[in-house]
Structures are given as structure tokens and as C-alpha cells.
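Source file: entry-v8.tsv (TSV, N, CA and C atoms)
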```
chain	number	residue	atom	x	y	z
W	462	MET	N	202.28	88.94	147.77
W	462	MET	CA	203.24	89.29	148.78
W	462	MET	C	203.67	90.75	148.58
W	463	ALA	N	203.75	91.47	149.66
W	463	ALA	CA	204.14	92.88	149.61
W	463	ALA	C	205.65	93.02	149.83
W	464	TYR	N	206.25	93.93	149.12
W	464	TYR	CA	207.68	94.20	149.25
W	464	TYR	C	207.88	95.66	149.61
W	465	ASN	N	208.84	95.92	150.48
W	465	ASN	CA	209.22	97.30	150.75
W	465	ASN	C	209.93	97.86	149.54
W	466	LYS	N	209.67	99.13	149.27
W	466	LYS	CA	210.29	99.80	148.13
W	466	LYS	C	210.91	101.11	148.61
W	467	MET	N	212.02	101.47	148.02
W	467	MET	CA	212.67	102.74	148.32
W	467	MET	C	212.82	103.49	147.00
W	468	PHE	N	212.51	104.78	147.01
W	468	PHE	CA	212.65	105.56	145.79
W	468	PHE	C	213.49	106.80	146.05
W	469	TYR	N	214.10	107.30	144.99
W	469	TYR	CA	214.91	108.51	145.08
W	469	TYR	C	214.97	109.17	143.71
W	470	TRP	N	215.30	110.44	143.71
W	470	TRP	CA	215.50	111.18	142.47
W	470	TRP	C	216.93	111.00	142.01
W	471	SER	N	217.13	110.68	140.76
W	471	SER	CA	218.46	110.54	140.19
W	471	SER	C	218.76	111.77	139.32
W	472	ASP	N	219.69	112.59	139.79
W	472	ASP	CA	220.10	113.75	138.99
W	472	ASP	C	220.75	113.32	137.68
W	473	ASP	N	221.53	112.23	137.73
W	473	ASP	CA	222.21	111.76	136.52
W	473	ASP	C	221.21	111.34	135.44
W	474	ASP	N	220.16	110.61	135.86
W	474	ASP	CA	219.18	110.10	134.90
W	474	ASP	C	217.97	111.02	134.74
W	475	GLU	N	217.85	112.01	135.62
W	475	GLU	CA	216.72	112.94	135.61
W	475	GLU	C	215.39	112.20	135.67
W	476	THR	N	215.30	111.25	136.60
W	476	THR	CA	214.10	110.44	136.77
W	476	THR	C	214.07	109.89	138.20
W	477	TYR	N	212.91	109.40	138.62
W	477	TYR	CA	212.81	108.73	139.91
W	477	TYR	C	213.17	107.26	139.74
W	478	ILE	N	213.90	106.73	140.69
W	478	ILE	CA	214.31	105.34	140.69
W	478	ILE	C	213.68	104.66	141.91
W	479	THR	N	213.08	103.50	141.69
W	479	THR	CA	212.56	102.69	142.79
W	479	THR	C	213.36	101.42	142.87
W	480	ASN	N	213.79	101.09	144.07
W	480	ASN	CA	214.59	99.91	144.36
W	480	ASN	C	213.79	99.02	145.30
W	481	VAL	N	213.83	97.70	145.05
W	481	VAL	CA	213.17	96.73	145.93
W	481	VAL	C	214.28	95.91	146.59
W	482	PRO	N	214.68	96.28	147.82
W	482	PRO	CA	215.83	95.64	148.47
W	482	PRO	C	215.73	94.12	148.59
W	483	ALA	N	214.54	93.59	148.79
W	483	ALA	CA	214.39	92.14	148.96
W	483	ALA	C	214.59	91.37	147.65
W	484	LEU	N	214.59	92.07	146.54
W	484	LEU	CA	214.74	91.43	145.22
W	484	LEU	C	215.94	92.05	144.51
W	485	PRO	N	217.12	91.49	144.73
W	485	PRO	CA	218.33	92.06	144.11
W	485	PRO	C	218.15	92.26	142.60
W	486	GLY	N	218.51	93.45	142.16
W	486	GLY	CA	218.41	93.76	140.74
W	486	GLY	C	217.07	94.34	140.33
W	487	CYS	N	216.12	94.39	141.26
W	487	CYS	CA	214.80	94.94	140.92
W	487	CYS	C	214.82	96.44	141.12
W	488	MET	N	214.94	97.16	140.01
W	488	MET	CA	214.91	98.62	140.02
W	488	MET	C	214.06	99.07	138.85
W	489	ALA	N	213.33	100.15	139.06
W	489	ALA	CA	212.48	100.69	138.00
W	489	ALA	C	212.57	102.21	138.04
W	490	ASP	N	212.24	102.83	136.93
W	490	ASP	CA	212.26	104.29	136.89
W	490	ASP	C	210.94	104.83	136.41
W	491	GLY	N	210.77	106.14	136.55
W	491	GLY	CA	209.56	106.81	136.09
W	491	GLY	C	209.71	108.31	136.21
W	492	GLU	N	208.90	109.03	135.44
W	492	GLU	CA	208.94	110.49	135.47
W	492	GLU	C	208.40	111.05	136.78
W	493	THR	N	207.54	110.27	137.46
W	493	THR	CA	206.99	110.65	138.76
W	493	THR	C	207.26	109.53	139.75
W	494	ILE	N	207.10	109.84	141.03
W	494	ILE	CA	207.25	108.81	142.05
W	494	ILE	C	206.23	107.70	141.81
W	495	GLU	N	205.00	108.09	141.54
W	495	GLU	CA	203.93	107.11	141.33
W	495	GLU	C	204.24	106.19	140.17
W	496	GLN	N	204.75	106.75	139.07
W	496	GLN	CA	205.07	105.94	137.89
W	496	GLN	C	206.23	104.98	138.19
W	497	SER	N	207.20	105.46	138.93
W	497	SER	CA	208.33	104.61	139.29
W	497	SER	C	207.88	103.44	140.18
W	498	LEU	N	207.02	103.73	141.15
W	498	LEU	CA	206.49	102.67	142.02
W	498	LEU	C	205.65	101.67	141.21
W	499	LYS	N	204.83	102.19	140.29
W	499	LYS	CA	204.00	101.32	139.46
W	499	LYS	C	204.86	100.42	138.58
W	500	ASN	N	205.91	100.96	138.02
W	500	ASN	CA	206.81	100.16	137.17
W	500	ASN	C	207.49	99.06	137.99
W	501	ALA	N	207.85	99.37	139.23
W	501	ALA	CA	208.44	98.34	140.10
W	501	ALA	C	207.41	97.24	140.38
W	502	ASP	N	206.16	97.64	140.65
W	502	ASP	CA	205.10	96.65	140.88
W	502	ASP	C	204.89	95.77	139.67
W	503	LEU	N	204.97	96.35	138.47
W	503	LEU	CA	204.82	95.56	137.24
W	503	LEU	C	205.95	94.55	137.09
W	504	MET	N	207.15	94.94	137.45
W	504	MET	CA	208.29	94.01	137.38
W	504	MET	C	208.08	92.85	138.35
W	505	ILE	N	207.63	93.17	139.56
W	505	ILE	CA	207.38	92.13	140.55
W	505	ILE	C	206.27	91.20	140.07
W	506	ALA	N	205.19	91.77	139.58
W	506	ALA	CA	204.04	90.98	139.12
W	506	ALA	C	204.40	90.08	137.95
W	507	SER	N	205.33	90.53	137.12
W	507	SER	CA	205.71	89.72	135.95
W	507	SER	C	206.53	88.50	136.34
W	508	GLY	N	207.11	88.56	137.55
W	508	GLY	CA	207.94	87.45	138.00
W	508	GLY	C	209.33	87.46	137.42
W	509	SER	N	209.66	88.46	136.64
W	509	SER	CA	210.96	88.48	135.99
W	509	SER	C	212.12	88.69	136.96
W	510	VAL	N	211.83	89.17	138.15
W	510	VAL	CA	212.90	89.44	139.12
W	510	VAL	C	212.87	88.46	140.30
W	511	LEU	N	211.90	87.58	140.31
W	511	LEU	CA	211.79	86.65	141.43
W	511	LEU	C	212.79	85.52	141.28
W	512	GLN	N	213.50	85.22	142.36
W	512	GLN	CA	214.48	84.15	142.34
W	512	GLN	C	213.80	82.82	142.61
W	513	LYS	N	214.21	81.81	141.88
W	513	LYS	CA	213.67	80.46	142.08
W	513	LYS	C	214.73	79.62	142.78
W	514	ASN	N	214.35	79.00	143.87
W	514	ASN	CA	215.30	78.16	144.62
W	514	ASN	C	215.10	76.71	144.29
```
So, in terms of C-alpha cells, how does the structure I just supplied come out?
Amino acid sequence: MAYNKMFYWSDDDETYITNVPALPGCMADGETIEQSLKNADLMIASGSVLQKN
């Protein structure tokens, strides 16, 4: 399943942050946009952020 992702630069953390709005609490960081997106994908793939109903 594909999820929309939003990324932004954080001046406070000096890194890129990726947020997955459909998965509350799913945020990842990285030194580059690509790394931040990849880290978010890894979190999704691990299932650690998926809610079970």
C-alpha cells in the first residue's frame, strides 16, 4: 500500500523530516530528502507504525 508523504527541512534539527499523515506518529529524518523518505519507507515496511484494529 502506498502512503502520501510530506517532507520539510527542520532548522532546529538541521535535518529533513518526513511525515506520513495517514499514520499518526510516523516521522523519519535524514541528511537528504531521499534518505528521509527511505527511512519513512523502512518504518512503514517494518509495521512498527501500523495500527491494528
Computed gap from atom C of W:Lys466 to atom CA of W:Val481 is 5.6 Å
Students should find that atom CA of W:Glu475 and atom C of W:Met462 are spaced 28.8 Å
Please determine, counting all atoms listed in the file, which residue among W:Tyr464, W:Pro482, W:Tyr477, W:Ala506 has the shortest atom-to-atom distance to W:Ile494.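 Ranked by minimum distance to W:Ile494, first place goes to W:Tyr477.
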Report as a list of chain:residue names all protein, DNA and RNA residues lying within 6 Å of W:Asn480, evaluated on only N, CA and C atoms, omitting residues in the same chain fewer than 3 positions from it.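 Final neighbour list, sorted by chain and number: W:Asn465, W:Lys466, W:Met467, W:Phe468, W:Cys487, W:Met488, W:Ala489.
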- prompt: atom CA of W:Gly508 and atom CA of W:Trp470, how far apart in Å?
  reply: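 Spanning atom CA of W:Trp470 to atom CA of W:Gly508 is a straight-line distance of 25.3 Å.
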message: Among chain W, which residues does DSSP mark as alpha helix (DSSP H) when it is run on the backbone? Keep the chain and numbering as in the structure and answer as a list of chain:residue names.
response: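 DSSP-assigned alpha helix (DSSP H) residues in chain W: W:Ile494, W:Glu495, W:Gln496, W:Ser497, W:Leu498, W:Lys499, W:Asn500, W:Ala501, W:Asp502, W:Leu503, W:Met504, W:Ile505, W:Ala506, W:Ser507.
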In terms of the shortest atom-to-atom distance over only C-alpha atoms, which of W:Pro485, W:Gln496, W:Asp490, W:Asp474 is closest to W:Ser509?
->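 Residue with the minimum atom-to-atom distance to W:Ser509: W:Pro485.
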For stretch 463-476 of chain W, what centre and edge lengths in Å (one decimal) does the axis-aligned box get once 8 Å is added on each side of all its listed atoms, as lines of an AutoDock Vina configuration file?
```
center_x = 213.0
center_y = 102.6
center_z = 142.7
size_x = 34.5
size_y = 38.3
size_z = 32.0
```
Enumerate the residues of chain W with a DSSP assignment of strand (DSSP E or B), computed from the backbone, and present them as a PyMOL selection string.
-> chain W and resi 467-471+476-480+488-491
Export, as a PDB file, in the frame of the given file, the selected residues with N, CA and C atoms.
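Ended up saving to selection.pdb:
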```pdb
ATOM      1  N   MET W 467     212.020 101.470 148.020  1.00  0.00           N
ATOM      2  CA  MET W 467     212.670 102.740 148.320  1.00  0.00           C
ATOM      3  C   MET W 467     212.820 103.490 147.000  1.00  0.00           C
ATOM      4  N   PHE W 468     212.510 104.780 147.010  1.00  0.00           N
ATOM      5  CA  PHE W 468     212.650 105.560 145.790  1.00  0.00           C
ATOM      6  C   PHE W 468     213.490 106.800 146.050  1.00  0.00           C
ATOM      7  N   TYR W 469     214.100 107.300 144.990  1.00  0.00           N
ATOM      8  CA  TYR W 469     214.910 108.510 145.080  1.00  0.00           C
ATOM      9  C   TYR W 469     214.970 109.170 143.710  1.00  0.00           C
ATOM     10  N   TRP W 470     215.300 110.440 143.710  1.00  0.00           N
ATOM     11  CA  TRP W 470     215.500 111.180 142.470  1.00  0.00           C
ATOM     12  C   TRP W 470     216.930 111.000 142.010  1.00  0.00           C
ATOM     13  N   SER W 471     217.130 110.680 140.760  1.00  0.00           N
ATOM     14  CA  SER W 471     218.460 110.540 140.190  1.00  0.00           C
ATOM     15  C   SER W 471     218.760 111.770 139.320  1.00  0.00           C
ATOM     16  N   THR W 476     215.300 111.250 136.600  1.00  0.00           N
ATOM     17  CA  THR W 476     214.100 110.440 136.770  1.00  0.00           C
ATOM     18  C   THR W 476     214.070 109.890 138.200  1.00  0.00           C
ATOM     19  N   TYR W 477     212.910 109.400 138.620  1.00  0.00           N
ATOM     20  CA  TYR W 477     212.810 108.730 139.910  1.00  0.00           C
ATOM     21  C   TYR W 477     213.170 107.260 139.740  1.00  0.00           C
ATOM     22  N   ILE W 478     213.900 106.730 140.690  1.00  0.00           N
ATOM     23  CA  ILE W 478     214.310 105.340 140.690  1.00  0.00           C
ATOM     24  C   ILE W 478     213.680 104.660 141.910  1.00  0.00           C
ATOM     25  N   THR W 479     213.080 103.500 141.690  1.00  0.00           N
ATOM     26  CA  THR W 479     212.560 102.690 142.790  1.00  0.00           C
ATOM     27  C   THR W 479     213.360 101.420 142.870  1.00  0.00           C
ATOM     28  N   ASN W 480     213.790 101.090 144.070  1.00  0.00           N
ATOM     29  CA  ASN W 480     214.590  99.910 144.360  1.00  0.00           C
ATOM     30  C   ASN W 480     213.790  99.020 145.300  1.00  0.00           C
ATOM     31  N   MET W 488     214.940  97.160 140.010  1.00  0.00           N
ATOM     32  CA  MET W 488     214.910  98.620 140.020  1.00  0.00           C
ATOM     33  C   MET W 488     214.060  99.070 138.850  1.00  0.00           C
ATOM     34  N   ALA W 489     213.330 100.150 139.060  1.00  0.00           N
ATOM     35  CA  ALA W 489     212.480 100.690 138.000  1.00  0.00           C
ATOM     36  C   ALA W 489     212.570 102.210 138.040  1.00  0.00           C
ATOM     37  N   ASP W 490     212.240 102.830 136.930  1.00  0.00           N
ATOM     38  CA  ASP W 490     212.260 104.290 136.890  1.00  0.00           C
ATOM     39  C   ASP W 490     210.940 104.830 136.410  1.00  0.00           C
ATOM     40  N   GLY W 491     210.770 106.140 136.550  1.00  0.00           N
ATOM     41  CA  GLY W 491     209.560 106.810 136.090  1.00  0.00           C
ATOM     42  C   GLY W 491     209.710 108.310 136.210  1.00  0.00           C
TER      43      GLY W 491
END
```
File output for stretch 478-491 of chain W (all heavy atoms) as a PDB file, in the first residue's frame:
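Writing done, so here's part.pdb:
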```pdb
ATOM      1  N   ILE W 478      12.826  16.157   7.593  1.00  0.00           N
ATOM      2  CA  ILE W 478      11.834  15.370   8.311  1.00  0.00           C
ATOM      3  C   ILE W 478      10.765  14.936   7.314  1.00  0.00           C
ATOM      4  O   ILE W 478      10.275  15.752   6.538  1.00  0.00           O
ATOM      5  CB  ILE W 478      11.150  16.192   9.432  1.00  0.00           C
ATOM      6  CG1 ILE W 478      12.184  16.815  10.382  1.00  0.00           C
ATOM      7  CG2 ILE W 478      10.113  15.354  10.160  1.00  0.00           C
ATOM      8  CD1 ILE W 478      12.904  15.837  11.261  1.00  0.00           C
ATOM      9  N   THR W 479      10.415  13.657   7.336  1.00  0.00           N
ATOM     10  CA  THR W 479       9.309  13.145   6.528  1.00  0.00           C
ATOM     11  C   THR W 479       8.203  12.704   7.459  1.00  0.00           C
ATOM     12  O   THR W 479       8.436  11.994   8.422  1.00  0.00           O
ATOM     13  CB  THR W 479       9.757  11.967   5.641  1.00  0.00           C
ATOM     14  OG1 THR W 479      10.705  12.443   4.690  1.00  0.00           O
ATOM     15  CG2 THR W 479       8.583  11.362   4.890  1.00  0.00           C
ATOM     16  N   ASN W 480       6.997  13.139   7.139  1.00  0.00           N
ATOM     17  CA  ASN W 480       5.798  12.839   7.910  1.00  0.00           C
ATOM     18  C   ASN W 480       4.855  12.049   7.015  1.00  0.00           C
ATOM     19  O   ASN W 480       4.714  12.355   5.838  1.00  0.00           O
ATOM     20  CB  ASN W 480       5.161  14.157   8.348  1.00  0.00           C
ATOM     21  CG  ASN W 480       3.870  13.984   9.084  1.00  0.00           C
ATOM     22  OD1 ASN W 480       3.493  12.894   9.472  1.00  0.00           O
ATOM     23  ND2 ASN W 480       3.188  15.081   9.284  1.00  0.00           N
ATOM     24  N   VAL W 481       4.209  11.018   7.583  1.00  0.00           N
ATOM     25  CA  VAL W 481       3.215  10.225   6.853  1.00  0.00           C
ATOM     26  C   VAL W 481       1.865  10.507   7.520  1.00  0.00           C
ATOM     27  O   VAL W 481       1.543   9.914   8.549  1.00  0.00           O
ATOM     28  CB  VAL W 481       3.558   8.718   6.891  1.00  0.00           C
ATOM     29  CG1 VAL W 481       2.573   7.929   6.037  1.00  0.00           C
ATOM     30  CG2 VAL W 481       4.984   8.482   6.411  1.00  0.00           C
ATOM     31  N   PRO W 482       1.072  11.441   6.960  1.00  0.00           N
ATOM     32  CA  PRO W 482      -0.169  11.867   7.612  1.00  0.00           C
ATOM     33  C   PRO W 482      -1.150  10.740   7.915  1.00  0.00           C
ATOM     34  O   PRO W 482      -1.851  10.795   8.929  1.00  0.00           O
ATOM     35  CB  PRO W 482      -0.771  12.864   6.616  1.00  0.00           C
ATOM     36  CG  PRO W 482       0.395  13.371   5.837  1.00  0.00           C
ATOM     37  CD  PRO W 482       1.327  12.207   5.742  1.00  0.00           C
ATOM     38  N   ALA W 483      -1.213   9.723   7.074  1.00  0.00           N
ATOM     39  CA  ALA W 483      -2.169   8.631   7.290  1.00  0.00           C
ATOM     40  C   ALA W 483      -1.774   7.727   8.451  1.00  0.00           C
ATOM     41  O   ALA W 483      -2.590   6.919   8.909  1.00  0.00           O
ATOM     42  CB  ALA W 483      -2.308   7.806   6.015  1.00  0.00           C
ATOM     43  N   LEU W 484      -0.551   7.847   8.914  1.00  0.00           N
ATOM     44  CA  LEU W 484      -0.048   7.003  10.011  1.00  0.00           C
ATOM     45  C   LEU W 484       0.430   7.913  11.150  1.00  0.00           C
ATOM     46  O   LEU W 484       1.600   8.311  11.186  1.00  0.00           O
ATOM     47  CB  LEU W 484       1.094   6.112   9.531  1.00  0.00           C
ATOM     48  CG  LEU W 484       0.760   5.154   8.395  1.00  0.00           C
ATOM     49  CD1 LEU W 484       2.021   4.463   7.890  1.00  0.00           C
ATOM     50  CD2 LEU W 484      -0.264   4.127   8.853  1.00  0.00           C
ATOM     51  N   PRO W 485      -0.467   8.257  12.057  1.00  0.00           N
ATOM     52  CA  PRO W 485      -0.085   9.162  13.151  1.00  0.00           C
ATOM     53  C   PRO W 485       1.178   8.671  13.873  1.00  0.00           C
ATOM     54  O   PRO W 485       1.322   7.500  14.185  1.00  0.00           O
ATOM     55  CB  PRO W 485      -1.299   9.109  14.085  1.00  0.00           C
ATOM     56  CG  PRO W 485      -2.440   8.729  13.197  1.00  0.00           C
ATOM     57  CD  PRO W 485      -1.841   7.790  12.180  1.00  0.00           C
ATOM     58  N   GLY W 486       2.091   9.605  14.055  1.00  0.00           N
ATOM     59  CA  GLY W 486       3.335   9.277  14.741  1.00  0.00           C
ATOM     60  C   GLY W 486       4.436   8.778  13.829  1.00  0.00           C
ATOM     61  O   GLY W 486       5.557   8.578  14.273  1.00  0.00           O
ATOM     62  N   CYS W 487       4.129   8.588  12.555  1.00  0.00           N
ATOM     63  CA  CYS W 487       5.155   8.101  11.618  1.00  0.00           C
ATOM     64  C   CYS W 487       5.920   9.290  11.065  1.00  0.00           C
ATOM     65  O   CYS W 487       5.445  10.010  10.191  1.00  0.00           O
ATOM     66  CB  CYS W 487       4.533   7.293  10.486  1.00  0.00           C
ATOM     67  SG  CYS W 487       5.781   6.612   9.354  1.00  0.00           S
ATOM     68  N   MET W 488       7.110   9.496  11.608  1.00  0.00           N
ATOM     69  CA  MET W 488       8.003  10.552  11.155  1.00  0.00           C
ATOM     70  C   MET W 488       9.404   9.974  11.097  1.00  0.00           C
ATOM     71  O   MET W 488       9.768   9.137  11.912  1.00  0.00           O
ATOM     72  CB  MET W 488       7.968  11.742  12.107  1.00  0.00           C
ATOM     73  CG  MET W 488       6.616  12.413  12.187  1.00  0.00           C
ATOM     74  SD  MET W 488       6.609  13.788  13.345  1.00  0.00           S
ATOM     75  CE  MET W 488       7.481  15.010  12.388  1.00  0.00           C
ATOM     76  N   ALA W 489      10.162  10.421  10.109  1.00  0.00           N
ATOM     77  CA  ALA W 489      11.536   9.948   9.959  1.00  0.00           C
ATOM     78  C   ALA W 489      12.406  11.131   9.556  1.00  0.00           C
ATOM     79  O   ALA W 489      11.911  12.121   9.028  1.00  0.00           O
ATOM     80  CB  ALA W 489      11.607   8.844   8.912  1.00  0.00           C
ATOM     81  N   ASP W 490      13.696  11.001   9.792  1.00  0.00           N
ATOM     82  CA  ASP W 490      14.601  12.074   9.403  1.00  0.00           C
ATOM     83  C   ASP W 490      15.735  11.533   8.552  1.00  0.00           C
ATOM     84  O   ASP W 490      15.906  10.324   8.422  1.00  0.00           O
ATOM     85  CB  ASP W 490      15.147  12.793  10.631  1.00  0.00           C
ATOM     86  CG  ASP W 490      16.056  11.907  11.470  1.00  0.00           C
ATOM     87  OD1 ASP W 490      15.988  10.676  11.343  1.00  0.00           O
ATOM     88  OD2 ASP W 490      16.840  12.452  12.263  1.00  0.00           O
ATOM     89  N   GLY W 491      16.491  12.446   7.953  1.00  0.00           N
ATOM     90  CA  GLY W 491      17.637  12.073   7.143  1.00  0.00           C
ATOM     91  C   GLY W 491      18.417  13.303   6.727  1.00  0.00           C
ATOM     92  O   GLY W 491      17.888  14.416   6.704  1.00  0.00           O
TER      93      GLY W 491
END
```
